[in-house]
Structures are given as structure tokens and as C-alpha cells.
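**Student:** My structure is stored as my_file_18.json, with JSON, C-alpha atoms.
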[["chain", "number", "residue", "atom", "x", "y", "z"],
["A", 1, "MET", "CA", 0.00, 0.00, 0.00],
["A", 2, "ASP", "CA", 1.29, 3.46, -0.93],
["A", 3, "PHE", "CA", 1.33, 6.18, 1.71],
["A", 4, "PHE", "CA", 0.94, 9.90, 0.95],
["A", 5, "THR", "CA", 0.76, 13.18, 2.88],
["A", 6, "TRP", "CA", -0.74, 16.62, 2.27],
["A", 7, "HIS", "CA", 2.69, 17.76, 1.07],
["A", 8, "ASP", "CA", 2.57, 15.04, -1.59],
["A", 9, "ILE", "CA", -0.85, 16.29, -2.68],
["A", 10, "THR", "CA", 0.03, 19.96, -2.93],
["A", 11, "THR", "CA", 3.37, 19.38, -4.66],
["A", 12, "GLY", "CA", 2.26, 16.56, -6.95],
["A", 13, "SER", "CA", 5.12, 14.43, -5.64],
["A", 14, "HIS", "CA", 3.22, 11.15, -5.40],
["A", 15, "PRO", "CA", 3.76, 8.34, -7.95],
["A", 16, "LEU", "CA", 0.09, 7.34, -8.39],
["A", 17, "THR", "CA", -0.95, 7.62, -12.04],
["A", 18, "GLN", "CA", -4.05, 5.41, -12.17],
["A", 19, "PRO", "CA", -7.48, 7.08, -11.74],
["A", 20, "SER", "CA", -8.97, 6.41, -8.35],
["A", 21, "VAL", "CA", -12.00, 5.89, -6.15],
["A", 22, "LEU", "CA", -11.68, 6.87, -2.52],
["A", 23, "CYS", "CA", -13.40, 7.70, 0.74],
["A", 24, "ILE", "CA", -12.66, 10.50, 3.18],
["A", 25, "GLY", "CA", -13.15, 10.52, 6.94],
["A", 26, "ALA", "CA", -11.57, 10.54, 10.39],
["A", 27, "PHE", "CA", -11.93, 6.74, 10.65],
["A", 28, "ASP", "CA", -10.67, 6.60, 14.22],
["A", 29, "GLY", "CA", -10.91, 2.91, 15.01],
["A", 30, "PRO", "CA", -11.71, 1.93, 12.29],
["A", 31, "HIS", "CA", -14.89, 0.09, 13.34],
["A", 32, "LYS", "CA", -17.83, -2.01, 12.11],
["A", 33, "GLY", "CA", -19.74, 1.15, 11.24],
["A", 34, "HIS", "CA", -17.18, 1.84, 8.51],
["A", 35, "ARG", "CA", -17.22, -1.65, 7.03],
["A", 36, "ASP", "CA", -19.93, -1.17, 4.39],
["A", 37, "LEU", "CA", -18.25, 2.05, 3.28],
["A", 38, "PHE", "CA", -14.85, 0.40, 2.86],
["A", 39, "ASP", "CA", -16.32, -2.66, 1.14],
["A", 40, "SER", "CA", -18.20, -0.40, -1.30],
["A", 41, "VAL", "CA", -15.04, 1.49, -2.24],
["A", 42, "LEU", "CA", -13.07, -1.71, -2.80],
["A", 43, "ALA", "CA", -15.86, -3.33, -4.84],
["A", 44, "TYR", "CA", -16.23, -0.21, -7.02],
["A", 45, "ALA", "CA", -12.48, -0.09, -7.60],
["A", 46, "ASP", "CA", -12.50, -3.74, -8.66],
["A", 47, "ARG", "CA", -15.43, -3.29, -11.08],
["A", 48, "GLN", "CA", -14.08, -0.11, -12.66],
["A", 49, "GLN", "CA", -10.37, -1.00, -12.55],
["A", 50, "LEU", "CA", -9.51, 2.00, -10.40],
["A", 51, "ALA", "CA", -7.00, 2.53, -7.62],
["A", 52, "SER", "CA", -8.68, 2.32, -4.20],
["A", 53, "GLY", "CA", -7.75, 4.84, -1.54],
["A", 54, "VAL", "CA", -8.57, 6.34, 1.83],
["A", 55, "VAL", "CA", -8.04, 9.95, 2.91],
["A", 56, "THR", "CA", -7.89, 10.41, 6.66],
["A", 57, "PHE", "CA", -6.18, 12.45, 9.37],
["A", 58, "SER", "CA", -3.23, 11.78, 11.64],
["A", 59, "THR", "CA", -5.34, 13.02, 14.57],
["A", 60, "PRO", "CA", -9.15, 13.08, 14.58],
["A", 61, "PRO", "CA", -10.37, 16.64, 13.88],
["A", 62, "LYS", "CA", -12.39, 16.51, 17.12],
["A", 63, "ALA", "CA", -9.11, 16.31, 19.07],
["A", 64, "VAL", "CA", -8.18, 19.71, 17.63],
["A", 65, "ASN", "CA", -11.61, 21.35, 17.49],
["A", 66, "ASP", "CA", -12.85, 20.24, 20.91],
["A", 67, "PRO", "CA", -9.89, 18.89, 22.94],
["A", 68, "SER", "CA", -11.64, 19.29, 26.31],
["A", 69, "HIS", "CA", -14.21, 16.70, 25.23],
["A", 70, "PHE", "CA", -11.79, 14.33, 23.49],
["A", 71, "SER", "CA", -10.61, 11.44, 25.66],
["A", 72, "GLY", "CA", -8.00, 10.06, 23.26],
["A", 73, "CYS", "CA", -7.60, 8.24, 19.96],
["A", 74, "LEU", "CA", -8.85, 4.71, 19.39],
["A", 75, "SER", "CA", -6.01, 3.90, 17.02],
["A", 76, "THR", "CA", -2.47, 5.06, 16.33],
["A", 77, "LEU", "CA", -1.30, 5.97, 12.85],
["A", 78, "GLU", "CA", 0.58, 2.69, 12.55],
["A", 79, "GLN", "CA", -2.57, 0.76, 13.41],
["A", 80, "LYS", "CA", -4.51, 2.66, 10.75],
["A", 81, "LYS", "CA", -1.86, 1.86, 8.15],
["A", 82, "GLU", "CA", -2.00, -1.82, 9.05],
["A", 83, "TYR", "CA", -5.80, -1.92, 8.97],
["A", 84, "PHE", "CA", -6.15, -0.33, 5.53],
["A", 85, "ALA", "CA", -3.32, -2.38, 4.03],
["A", 86, "LYS", "CA", -4.92, -5.59, 5.30],
["A", 87, "ALA", "CA", -8.32, -4.47, 3.98],
["A", 88, "GLY", "CA", -6.82, -4.26, 0.48],
["A", 89, "PHE", "CA", -6.60, -0.52, -0.24],
["A", 90, "GLN", "CA", -3.92, 0.54, -2.69],
["A", 91, "PHE", "CA", -3.10, 3.89, -1.11],
["A", 92, "LEU", "CA", -3.61, 5.85, 2.08],
["A", 93, "VAL", "CA", -3.43, 9.63, 2.44],
["A", 94, "VAL", "CA", -2.86, 10.91, 5.99],
["A", 95, "ILE", "CA", -3.30, 14.64, 6.57],
["A", 96, "ASP", "CA", -2.19, 16.56, 9.65],
["A", 97, "PHE", "CA", -5.15, 18.61, 10.90],
["A", 98, "THR", "CA", -3.22, 21.87, 10.94],
["A", 99, "GLU", "CA", -4.63, 25.39, 11.12],
["A", 100, "GLU", "CA", -4.36, 25.52, 7.32],
["A", 101, "ILE", "CA", -6.55, 22.44, 6.93],
["A", 102, "LYS", "CA", -8.89, 23.44, 9.77],
["A", 103, "THR", "CA", -9.73, 26.80, 8.14],
["A", 104, "MET", "CA", -9.70, 25.64, 4.52],
["A", 105, "ASP", "CA", -12.82, 25.89, 2.39],
["A", 106, "GLY", "CA", -14.33, 22.43, 1.94],
["A", 107, "LEU", "CA", -14.57, 22.58, -1.85],
["A", 108, "ALA", "CA", -10.98, 23.84, -2.11],
["A", 109, "PHE", "CA", -9.95, 20.86, 0.02],
["A", 110, "LEU", "CA", -11.81, 18.43, -2.23],
["A", 111, "GLU", "CA", -10.40, 20.04, -5.36],
["A", 112, "CYS", "CA", -6.82, 19.50, -4.16],
["A", 113, "ILE", "CA", -7.53, 15.82, -3.61],
["A", 114, "ARG", "CA", -9.46, 15.46, -6.88],
["A", 115, "LYS", "CA", -6.63, 16.90, -8.94],
["A", 116, "ALA", "CA", -3.97, 14.88, -7.16],
["A", 117, "PHE", "CA", -5.63, 11.48, -7.53],
["A", 118, "ASP", "CA", -7.87, 11.86, -10.61],
["A", 119, "ILE", "CA", -10.94, 10.78, -8.63],
["A", 120, "ARG", "CA", -13.69, 9.09, -10.63],
["A", 121, "CYS", "CA", -15.90, 8.32, -7.65],
["A", 122, "LEU", "CA", -16.04, 9.67, -4.09],
["A", 123, "PHE", "CA", -17.62, 7.70, -1.25],
["A", 124, "SER", "CA", -18.54, 8.98, 2.18],
["A", 125, "GLY", "CA", -20.63, 8.16, 5.22],
["A", 126, "GLN", "CA", -24.01, 9.84, 5.56],
["A", 127, "ASP", "CA", -22.79, 12.38, 8.14],
["A", 128, "PHE", "CA", -19.66, 13.44, 6.28],
["A", 129, "ARG", "CA", -18.95, 17.16, 6.16],
["A", 130, "CYS", "CA", -15.70, 19.02, 5.52],
["A", 131, "GLY", "CA", -14.16, 22.46, 5.38],
["A", 132, "TYR", "CA", -14.08, 25.33, 7.82],
["A", 133, "ARG", "CA", -16.61, 24.76, 10.60],
["A", 134, "ALA", "CA", -17.82, 21.69, 8.64],
["A", 135, "ALA", "CA", -19.74, 24.04, 6.35],
["A", 136, "THR", "CA", -19.52, 21.81, 3.27],
["A", 137, "GLY", "CA", -22.17, 19.11, 3.32],
["A", 138, "PHE", "CA", -24.05, 16.70, 1.09],
["A", 139, "GLN", "CA", -25.54, 19.19, -1.40],
["A", 140, "GLN", "CA", -22.30, 21.11, -1.95],
["A", 141, "ILE", "CA", -20.31, 17.88, -2.32],
["A", 142, "SER", "CA", -22.90, 16.44, -4.74],
["A", 143, "ASP", "CA", -22.75, 19.60, -6.88],
["A", 144, "PHE", "CA", -18.95, 19.57, -6.82],
["A", 145, "CYS", "CA", -18.81, 15.95, -7.97],
["A", 146, "ARG", "CA", -21.35, 16.49, -10.74],
["A", 147, "GLN", "CA", -19.49, 19.55, -12.03],
["A", 148, "ASN", "CA", -16.26, 17.54, -12.11],
["A", 149, "HIS", "CA", -17.81, 14.45, -13.73],
["A", 150, "MET", "CA", -17.36, 12.36, -10.59],
["A", 151, "ALA", "CA", -19.81, 9.91, -9.10],
["A", 152, "TYR", "CA", -20.71, 10.48, -5.46],
["A", 153, "GLN", "CA", -22.06, 7.69, -3.29],
["A", 154, "VAL", "CA", -23.17, 8.03, 0.33],
["A", 155, "ILE", "CA", -23.23, 4.83, 2.38],
["A", 156, "ALA", "CA", -25.70, 4.54, 5.26],
["A", 157, "ASP", "CA", -24.42, 3.94, 8.77],
["A", 158, "THR", "CA", -24.02, 0.35, 9.89],
["A", 159, "LYS", "CA", -26.08, -0.41, 12.99],
["A", 160, "ALA", "CA", -24.91, -2.50, 15.93],
["A", 161, "ILE", "CA", -26.99, -5.55, 16.82],
["A", 162, "GLY", "CA", -29.68, -4.36, 19.23],
["A", 163, "ALA", "CA", -28.19, -0.86, 19.26],
["A", 164, "GLY", "CA", -28.07, 2.34, 17.29],
["A", 165, "LYS", "CA", -25.36, 3.89, 15.19],
["A", 166, "ILE", "CA", -21.83, 2.66, 15.80],
["A", 167, "SER", "CA", -19.50, 5.58, 16.48],
["A", 168, "SER", "CA", -15.91, 6.18, 17.53],
["A", 169, "THR", "CA", -17.22, 8.34, 20.38],
["A", 170, "GLY", "CA", -19.33, 5.45, 21.67],
["A", 171, "ILE", "CA", -16.39, 3.05, 21.50],
["A", 172, "ARG", "CA", -14.18, 5.50, 23.39],
["A", 173, "GLN", "CA", -16.82, 5.60, 26.08],
["A", 174, "CYS", "CA", -16.79, 1.79, 26.26],
["A", 175, "ILE", "CA", -13.02, 1.72, 26.75],
["A", 176, "ALA", "CA", -13.09, 4.54, 29.31],
["A", 177, "ALA", "CA", -15.68, 2.51, 31.24],
["A", 178, "GLY", "CA", -13.60, -0.68, 30.98],
["A", 179, "ASP", "CA", -16.19, -2.44, 28.78],
["A", 180, "PHE", "CA", -13.70, -4.08, 26.44],
["A", 181, "SER", "CA", -16.19, -6.75, 25.39],
["A", 182, "LEU", "CA", -18.61, -4.21, 23.93],
["A", 183, "ALA", "CA", -15.73, -2.29, 22.37],
["A", 184, "ARG", "CA", -14.68, -5.54, 20.67],
["A", 185, "GLU", "CA", -18.23, -6.07, 19.37],
["A", 186, "LEU", "CA", -18.43, -2.56, 17.92],
["A", 187, "LEU", "CA", -14.92, -2.57, 16.44],
["A", 188, "GLY", "CA", -15.10, -6.09, 15.05],
["A", 189, "TYR", "CA", -11.74, -6.94, 16.62],
["A", 190, "ASP", "CA", -9.86, -6.63, 19.91],
["A", 191, "TRP", "CA", -9.03, -3.07, 20.84],
["A", 192, "VAL", "CA", -5.25, -2.85, 21.18],
["A", 193, "LEU", "CA", -3.25, -0.34, 23.21],
["A", 194, "ASP", "CA", -0.32, 0.33, 20.89],
["A", 195, "LEU", "CA", 2.90, 1.06, 22.79],
["A", 196, "ARG", "CA", 5.33, 0.74, 19.90],
["A", 197, "GLY", "CA", 8.07, 3.34, 20.00],
["A", 198, "LEU", "CA", 7.27, 4.56, 23.51],
["A", 199, "PRO", "CA", 10.06, 4.59, 26.11],
["A", 200, "VAL", "CA", 9.63, 1.82, 28.70],
["A", 201, "THR", "CA", 11.66, 1.74, 31.91],
["A", 202, "ARG", "CA", 13.35, -1.39, 33.27],
["A", 203, "GLU", "CA", 10.43, -1.65, 35.70],
["A", 204, "GLY", "CA", 7.97, -1.71, 32.82],
["A", 205, "THR", "CA", 6.49, 1.77, 33.23],
["A", 206, "ILE", "CA", 5.50, 4.34, 30.63],
["A", 207, "ASP", "CA", 4.73, 8.02, 31.16],
["A", 208, "ARG", "CA", 0.96, 8.32, 30.70],
["A", 209, "SER", "CA", 1.30, 11.62, 28.82],
["A", 210, "ALA", "CA", 3.19, 9.78, 26.05],
["A", 211, "ILE", "CA", 0.12, 7.67, 25.22],
["A", 212, "ILE", "CA", -2.26, 9.25, 22.67],
["A", 213, "GLN", "CA", -4.93, 6.55, 22.91],
["A", 214, "VAL", "CA", -7.94, 6.59, 25.21],
["A", 215, "LEU", "CA", -7.41, 4.71, 28.46],
["A", 216, "PRO", "CA", -9.80, 3.17, 30.99],
["A", 217, "ALA", "CA", -10.10, 4.61, 34.50],
["A", 218, "ASP", "CA", -7.21, 4.28, 36.94],
["A", 219, "GLY", "CA", -6.92, 0.70, 38.17],
["A", 220, "LEU", "CA", -5.40, -2.72, 37.55],
["A", 221, "TYR", "CA", -6.45, -4.64, 34.42],
["A", 222, "PRO", "CA", -5.62, -8.18, 33.27],
["A", 223, "CYS", "CA", -4.13, -8.19, 29.79],
["A", 224, "MET", "CA", -1.96, -9.96, 27.25],
["A", 225, "VAL", "CA", 1.35, -8.39, 26.23],
["A", 226, "ASN", "CA", 2.49, -8.94, 22.65],
["A", 227, "GLY", "CA", -0.09, -11.70, 22.35],
["A", 228, "GLU", "CA", 1.85, -14.12, 24.52],
["A", 229, "ILE", "CA", 2.59, -12.82, 28.02],
["A", 230, "SER", "CA", -0.12, -12.68, 30.71],
["A", 231, "ALA", "CA", 0.16, -9.52, 32.77],
["A", 232, "ASN", "CA", -1.67, -6.82, 34.68],
["A", 233, "LEU", "CA", -1.72, -3.25, 33.45],
["A", 234, "GLU", "CA", -1.70, -0.63, 36.18],
["A", 235, "ILE", "CA", -3.05, 2.76, 35.13],
["A", 236, "THR", "CA", -2.57, 5.86, 37.29],
["A", 237, "THR", "CA", -2.77, 9.58, 36.62],
["A", 238, "GLN", "CA", 1.00, 9.67, 36.08],
["A", 239, "LYS", "CA", 1.99, 6.38, 34.52],
["A", 240, "VAL", "CA", 1.07, 3.06, 32.96],
["A", 241, "ALA", "CA", 2.90, 0.08, 34.46],
["A", 242, "ILE", "CA", 3.05, -3.49, 33.21],
["A", 243, "HIS", "CA", 3.29, -6.20, 35.89],
["A", 244, "THR", "CA", 3.99, -9.80, 34.89],
["A", 245, "ASN", "CA", 3.90, -12.84, 37.17],
["A", 246, "PRO", "CA", 6.52, -14.10, 37.46],
["A", 247, "LEU", "CA", 8.26, -10.78, 36.83],
["A", 248, "THR", "CA", 9.49, -10.78, 33.24],
["A", 249, "PHE", "CA", 11.24, -7.93, 31.48],
["A", 250, "VAL", "CA", 10.02, -7.55, 27.91],
["A", 251, "GLN", "CA", 12.29, -5.48, 25.70],
["A", 252, "ASN", "CA", 9.46, -4.35, 23.42],
["A", 253, "PHE", "CA", 5.96, -3.84, 24.79],
["A", 254, "ALA", "CA", 4.43, -3.64, 21.32],
["A", 255, "ASN", "CA", 0.77, -4.05, 22.18],
["A", 256, "ILE", "CA", -1.65, -4.67, 25.01],
["A", 257, "VAL", "CA", -4.97, -6.51, 24.71],
["A", 258, "PHE", "CA", -7.30, -6.32, 27.72],
["A", 259, "VAL", "CA", -8.84, -9.65, 28.71]]
For the file at hand, write its structure as C-alpha cells.
**Tutor:**
Amino acid sequence: MDFFTWHDITTGSHPLTQPSVLCIGAFDGPHKGHRDLFDSVLAYADRQQLASGVVTFSTPPKAVNDPSHFSGCLSTLEQKKEYFAKAGFQFLVVIDFTEEIKTMDGLAFLECIRKAFDIRCLFSGQDFRCGYRAATGFQQISDFCRQNHMAYQVIADTKAIGAGKISSTGIRQCIAAGDFSLARELLGYDWVLDLRGLPVTREGTIDRSAIIQVLPADGLYPCMVNGEISANLEITTQKVAIHTNPLTFVQNFANIVFV
């Protein structure tokens, strides 16, 4: 899977030459609610012989626009890359939600992406909006696509069994409450605390401020480290500590799955 940035888009320094179909969104998770959208993009790409892509953000826009009400990311950038590569997408565009992007007109944003990747069809979820203060919605996007000879398809939200709309916000709330079983149901896979690249002391502690993902309340949680070591994860306001029994030092605490 090819990986591009906003710099690649604005400078034309990406190697993609094939026309494309893509979807745009925060996709923090990603979760079951996104599945129909992703499957639709991939199926369309296969039928029309187009390159399939995803445009997303390094940090969810909500983390920038409303940080006091944002508890943390569901997924790290590396996890997103792995998810989309495994799903079968040919390219991923990750954009930093800078002040430039935050205040950019929605149609100007779409035009930059359209020109860069020769989009033949754009997919989105039913609540997708873009641009400054999310002012660009369905009608403006539909008109833009029609004027540029692009198809535009909106995919309805996937519903959870016995529940309403699946959302990243709802899954964050599950994790914060320690309901990892429901988080697993809504994601479609185990939620993983990704600790790759974070400094770990000899005692197995990590500075909590270094972790960008949402965490459950302070306490002690049974978990699996790197898929093979049973442990307890201690979470406090200052740190996250990994306790194994018997005490085992693991050089690389790559990931944590709560059990």
C-alpha cells in the first residue's frame, strides 16, 4: 500500500498515475460502522479497474476542534496503516489537521484531492462534512462531484446488533468505562493499546502523557502483552505500568490486549 501526505498532494510528488476511487473521513478505530463504506469502495475499484484509496487524518479533527471533550484516539497511525493495508486498499493519504486544513474551504480541500488522484468516484458516510466549521455538506459535495464528472455515493451507517449507530465516540466511552467486550463487538476486533516506539523503563512503566490513545479509568487490568505474556496493566494519573507474574522484562511492549 502506498502512503501519501498533504505535502505530496500539494506538490504533486506522489507516484500514483491510475485514476482512483476513494473515501474520506476521520476513521478513528476503524470500526464495524465503517465496514460497508470500505467494502463499497473496494468493490467499485475492482469493477471499474480504479486505484482504491482512503483519505484520513493523523489526529481526529475533534481532538483539535474540541480537545476538552476528546478522551483520546482509538487507534495510532501505525494501526490505521495496518488496517487499511490488510483491507486491500492501494493507497492511504494521511493529513495533519493543521490550522491551514482546519480553516480551509471544503470545496478547495476536495479540489486538491481530486486533482492529485484523478478521482472518478467519491464515497462517504451519511454524516460526512468538511471544510471550515464543517460548512460543506451533502448538497455542496454532490454539486462539486457532478461539475467535475465524478460519481458520489453516500453509504448509510451500519447499525450495531440491538443498538443504534456505531460511532468512535461510543467506543471511546466503552473503553473509558472498561467495557472491552462491547468495544470488541463494535470494532469487530480486539481493541489494542499500541505502545510501539514509547520509552519503557526497566520496571515496565510508561509516562501516561506519552500515550495518545484513550485509556480506561485508573486501576489494575488483566491483559496480554504482545499476544503471549499474561500480565496486569496498572493505570494511574501519572503512569502506565506493566506487571507480569513471574516478573518478566520484555524489551518491546508492542501491544496490550485487555482480557
**Student:** Need the shell around region 23-26 of chain A: protein/DNA/RNA residues with any atom at most 7 Å away, counting all atoms listed in the file. Skip same-chain ones fewer than 5 positions apart. Format as a VMD selection string?
**Tutor:** chain A and resid 53 to 57 60 122 to 124
**Student:** Please provide the set of residues having any atom within 12 Å of Leu42 (chain A), restricted to all atoms listed in the file, with same-chain residues fewer than 5 positions apart removed, written as a list of chain:residue names.
**Tutor:** A:Ser20, A:Val21, A:Leu22, A:Cys23, A:Arg35, A:Asp36, A:Leu37, A:Arg47, A:Gln48, A:Gln49, A:Leu50, A:Ala51, A:Ser52, A:Gly53, A:Val54, A:Phe84, A:Ala85, A:Ala87, A:Gly88, A:Phe89, A:Gln90, A:Phe91, A:Cys121, A:Leu122, A:Phe123
**Student:** Taking only C-alpha atoms into account, name the residue in A:Ala217, A:Pro222, A:Glu100, A:Gln153 that is nearest to Ala177 (chain A).
**Tutor:**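 Using only C-alpha atoms, Ala177 (chain A) sits closest to A:Ala217.
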**Student:** May I ask for the distance between CA of Leu233 (chain A) and CA of Leu220 (chain A), given in Å to one decimal place?
**Tutor:**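 Going from CA of Leu233 (chain A) over to CA of Leu220 (chain A) covers 5.5 Å.
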**Student:** Nearest to His34 (chain A): which of A:Glu234, A:Asp2, A:Asp179, A:Asp127 is it, counting only C-alpha atoms?
**Tutor:**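 Closest to His34 (chain A), using only C-alpha atoms: A:Asp127.
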**Student:** Let me make sure I understand: among A:Ile235, A:Ala210, A:Leu195, A:Leu186, which one has the smallest atom-to-atom distance to Ala254 (chain A) if we use only C-alpha atoms?
**Tutor:**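 Of all the options, A:Leu195 lies closest to Ala254 (chain A).
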**Student:** In Å, rounded to a single decimal, give me how far CA of Ile242 (chain A) is from CA of Leu182 (chain A).
**Tutor:**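 Value for the CA of Leu182 (chain A)-CA of Ile242 (chain A) distance: 23.6 Å.
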**Student:** So that I can check the surroundings of Cys130 (chain A), please list as number ranges by chain every protein, DNA and RNA residue that reaches within 10 Å of it, counting all atoms listed in the file and ignoring chain neighbours fewer than 4 positions away.
**Tutor:** A: 24-25, 101-102, 104-107, 109-110, 134-138, 141
**Student:** Filtering to C-alpha atoms, could you give me those residues as a compact mmCIF listing (two decimals), in the frame of the given file?
**Tutor:**
# COMPACT_ATOMS: atom_id res chain seq x y z
CA ILE A 24 -12.66 10.50 3.18
CA GLY A 25 -13.15 10.52 6.94
CA ILE A 101 -6.55 22.44 6.93
CA LYS A 102 -8.89 23.44 9.77
CA MET A 104 -9.70 25.64 4.52
CA ASP A 105 -12.82 25.89 2.39
CA GLY A 106 -14.33 22.43 1.94
CA LEU A 107 -14.57 22.58 -1.85
CA PHE A 109 -9.95 20.86 0.02
CA LEU A 110 -11.81 18.43 -2.23
CA ALA A 134 -17.82 21.69 8.64
CA ALA A 135 -19.74 24.04 6.35
CA THR A 136 -19.52 21.81 3.27
CA GLY A 137 -22.17 19.11 3.32
CA PHE A 138 -24.05 16.70 1.09
CA ILE A 141 -20.31 17.88 -2.32
**Student:** Quote the spacing between CA of Val225 (chain A) and CA of Ile211 (chain A) in Å to one decimal place.
**Tutor:**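 Separation between CA of Val225 (chain A) and CA of Ile211 (chain A): 16.1 Å.
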**Student:** Which residue is closest to Pro30 (chain A)? Choose from A:His69, A:Arg172, A:Arg129, A:His149 and count only C-alpha atoms.
**Tutor:** A:Arg172
**Student:** Kindly indicate which residue among A:Glu228, A:Asp190, A:Asp96, A:Asp46 lies nearest to Val257 (chain A), using all atoms listed in the file for the distances.
**Tutor:**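 The shortest atom-to-atom distance to Val257 (chain A) comes from A:Asp190.
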**Student:** Counting all atoms listed in the file, which residue out of A:Arg184, A:Gln79, A:Asp118, A:Asp66 sits closest to Arg196 (chain A)?
**Tutor:** A:Gln79
**Student:** Near Gly227 (chain A), within 12 Å and counting all atoms listed in the file, which residues show up once chain neighbours fewer than 5 positions away are dropped, as a PDB file with C-alpha atoms, in the frame of the given file?
**Tutor:**
ATOM      1  CA  ASP A 190      -9.860  -6.630  19.910  1.00  0.00           C
ATOM      2  CA  VAL A 192      -5.250  -2.850  21.180  1.00  0.00           C
ATOM      3  CA  LEU A 193      -3.250  -0.340  23.210  1.00  0.00           C
ATOM      4  CA  PHE A 253       5.960  -3.840  24.790  1.00  0.00           C
ATOM      5  CA  ALA A 254       4.430  -3.640  21.320  1.00  0.00           C
ATOM      6  CA  ASN A 255       0.770  -4.050  22.180  1.00  0.00           C
ATOM      7  CA  ILE A 256      -1.650  -4.670  25.010  1.00  0.00           C
ATOM      8  CA  VAL A 257      -4.970  -6.510  24.710  1.00  0.00           C
ATOM      9  CA  PHE A 258      -7.300  -6.320  27.720  1.00  0.00           C
ATOM     10  CA  VAL A 259      -8.840  -9.650  28.710  1.00  0.00           C
TER      11      VAL A 259
END
**Student:** Residues near Cys112 (chain A), anyone? I mean within 10 Å using only C-alpha atoms, not counting same-chain ones fewer than 4 positions away, as JSON, numbers by chain.
**Tutor:** {"A": [6, 9, 10, 12, 107, 108, 116, 117]}
**Student:** Restricted to N, CA and C atoms, what does region 86-106 of chain A look like when written out as a PDB file, in the first residue's frame?
**Tutor:**
ATOM      1  N   LYS A  86      -4.314  -4.255   5.194  1.00  0.00           N
ATOM      2  CA  LYS A  86      -4.919  -5.590   5.301  1.00  0.00           C
ATOM      3  C   LYS A  86      -6.262  -5.641   4.590  1.00  0.00           C
ATOM      4  N   ALA A  87      -7.011  -4.521   4.635  1.00  0.00           N
ATOM      5  CA  ALA A  87      -8.322  -4.474   3.975  1.00  0.00           C
ATOM      6  C   ALA A  87      -8.201  -4.549   2.464  1.00  0.00           C
ATOM      7  N   GLY A  88      -7.038  -4.151   1.917  1.00  0.00           N
ATOM      8  CA  GLY A  88      -6.825  -4.256   0.480  1.00  0.00           C
ATOM      9  C   GLY A  88      -6.772  -2.943  -0.273  1.00  0.00           C
ATOM     10  N   PHE A  89      -6.697  -1.822   0.438  1.00  0.00           N
ATOM     11  CA  PHE A  89      -6.605  -0.523  -0.245  1.00  0.00           C
ATOM     12  C   PHE A  89      -5.218  -0.356  -0.864  1.00  0.00           C
ATOM     13  N   GLN A  90      -5.176   0.354  -1.982  1.00  0.00           N
ATOM     14  CA  GLN A  90      -3.919   0.540  -2.694  1.00  0.00           C
ATOM     15  C   GLN A  90      -3.126   1.746  -2.195  1.00  0.00           C
ATOM     16  N   PHE A  91      -3.833   2.745  -1.640  1.00  0.00           N
ATOM     17  CA  PHE A  91      -3.097   3.893  -1.110  1.00  0.00           C
ATOM     18  C   PHE A  91      -3.854   4.523   0.053  1.00  0.00           C
ATOM     19  N   LEU A  92      -3.076   5.171   0.907  1.00  0.00           N
ATOM     20  CA  LEU A  92      -3.607   5.853   2.081  1.00  0.00           C
ATOM     21  C   LEU A  92      -3.007   7.254   2.126  1.00  0.00           C
ATOM     22  N   VAL A  93      -3.870   8.246   2.288  1.00  0.00           N
ATOM     23  CA  VAL A  93      -3.429   9.629   2.442  1.00  0.00           C
ATOM     24  C   VAL A  93      -3.718  10.049   3.874  1.00  0.00           C
ATOM     25  N   VAL A  94      -2.694  10.462   4.608  1.00  0.00           N
ATOM     26  CA  VAL A  94      -2.860  10.910   5.988  1.00  0.00           C
ATOM     27  C   VAL A  94      -2.496  12.389   6.063  1.00  0.00           C
ATOM     28  N   ILE A  95      -3.453  13.184   6.525  1.00  0.00           N
ATOM     29  CA  ILE A  95      -3.303  14.637   6.568  1.00  0.00           C
ATOM     30  C   ILE A  95      -3.239  15.114   8.010  1.00  0.00           C
ATOM     31  N   ASP A  96      -2.248  15.930   8.331  1.00  0.00           N
ATOM     32  CA  ASP A  96      -2.189  16.557   9.647  1.00  0.00           C
ATOM     33  C   ASP A  96      -3.252  17.650   9.714  1.00  0.00           C
ATOM     34  N   PHE A  97      -4.067  17.640  10.780  1.00  0.00           N
ATOM     35  CA  PHE A  97      -5.154  18.613  10.899  1.00  0.00           C
ATOM     36  C   PHE A  97      -4.595  19.922  11.448  1.00  0.00           C
ATOM     37  N   THR A  98      -3.861  20.611  10.586  1.00  0.00           N
ATOM     38  CA  THR A  98      -3.219  21.872  10.940  1.00  0.00           C
ATOM     39  C   THR A  98      -4.213  23.022  10.841  1.00  0.00           C
ATOM     40  N   GLU A  99      -3.778  24.198  11.232  1.00  0.00           N
ATOM     41  CA  GLU A  99      -4.628  25.386  11.120  1.00  0.00           C
ATOM     42  C   GLU A  99      -5.002  25.636   9.658  1.00  0.00           C
ATOM     43  N   GLU A 100      -4.072  25.357   8.749  1.00  0.00           N
ATOM     44  CA  GLU A 100      -4.363  25.523   7.319  1.00  0.00           C
ATOM     45  C   GLU A 100      -5.527  24.638   6.899  1.00  0.00           C
ATOM     46  N   ILE A 101      -5.489  23.373   7.303  1.00  0.00           N
ATOM     47  CA  ILE A 101      -6.551  22.440   6.933  1.00  0.00           C
ATOM     48  C   ILE A 101      -7.838  22.784   7.668  1.00  0.00           C
ATOM     49  N   LYS A 102      -7.719  23.136   8.937  1.00  0.00           N
ATOM     50  CA  LYS A 102      -8.888  23.444   9.766  1.00  0.00           C
ATOM     51  C   LYS A 102      -9.710  24.597   9.187  1.00  0.00           C
ATOM     52  N   THR A 103      -9.040  25.606   8.632  1.00  0.00           N
ATOM     53  CA  THR A 103      -9.732  26.801   8.144  1.00  0.00           C
ATOM     54  C   THR A 103      -9.948  26.805   6.637  1.00  0.00           C
ATOM     55  N   MET A 104      -9.611  25.720   5.977  1.00  0.00           N
ATOM     56  CA  MET A 104      -9.705  25.643   4.519  1.00  0.00           C
ATOM     57  C   MET A 104     -11.151  25.451   4.067  1.00  0.00           C
ATOM     58  N   ASP A 105     -11.509  26.104   2.982  1.00  0.00           N
ATOM     59  CA  ASP A 105     -12.822  25.893   2.390  1.00  0.00           C
ATOM     60  C   ASP A 105     -12.970  24.436   1.957  1.00  0.00           C
ATOM     61  N   GLY A 106     -14.134  23.849   2.221  1.00  0.00           N
ATOM     62  CA  GLY A 106     -14.334  22.431   1.938  1.00  0.00           C
ATOM     63  C   GLY A 106     -14.165  22.067   0.477  1.00  0.00           C
TER      64      GLY A 106
END
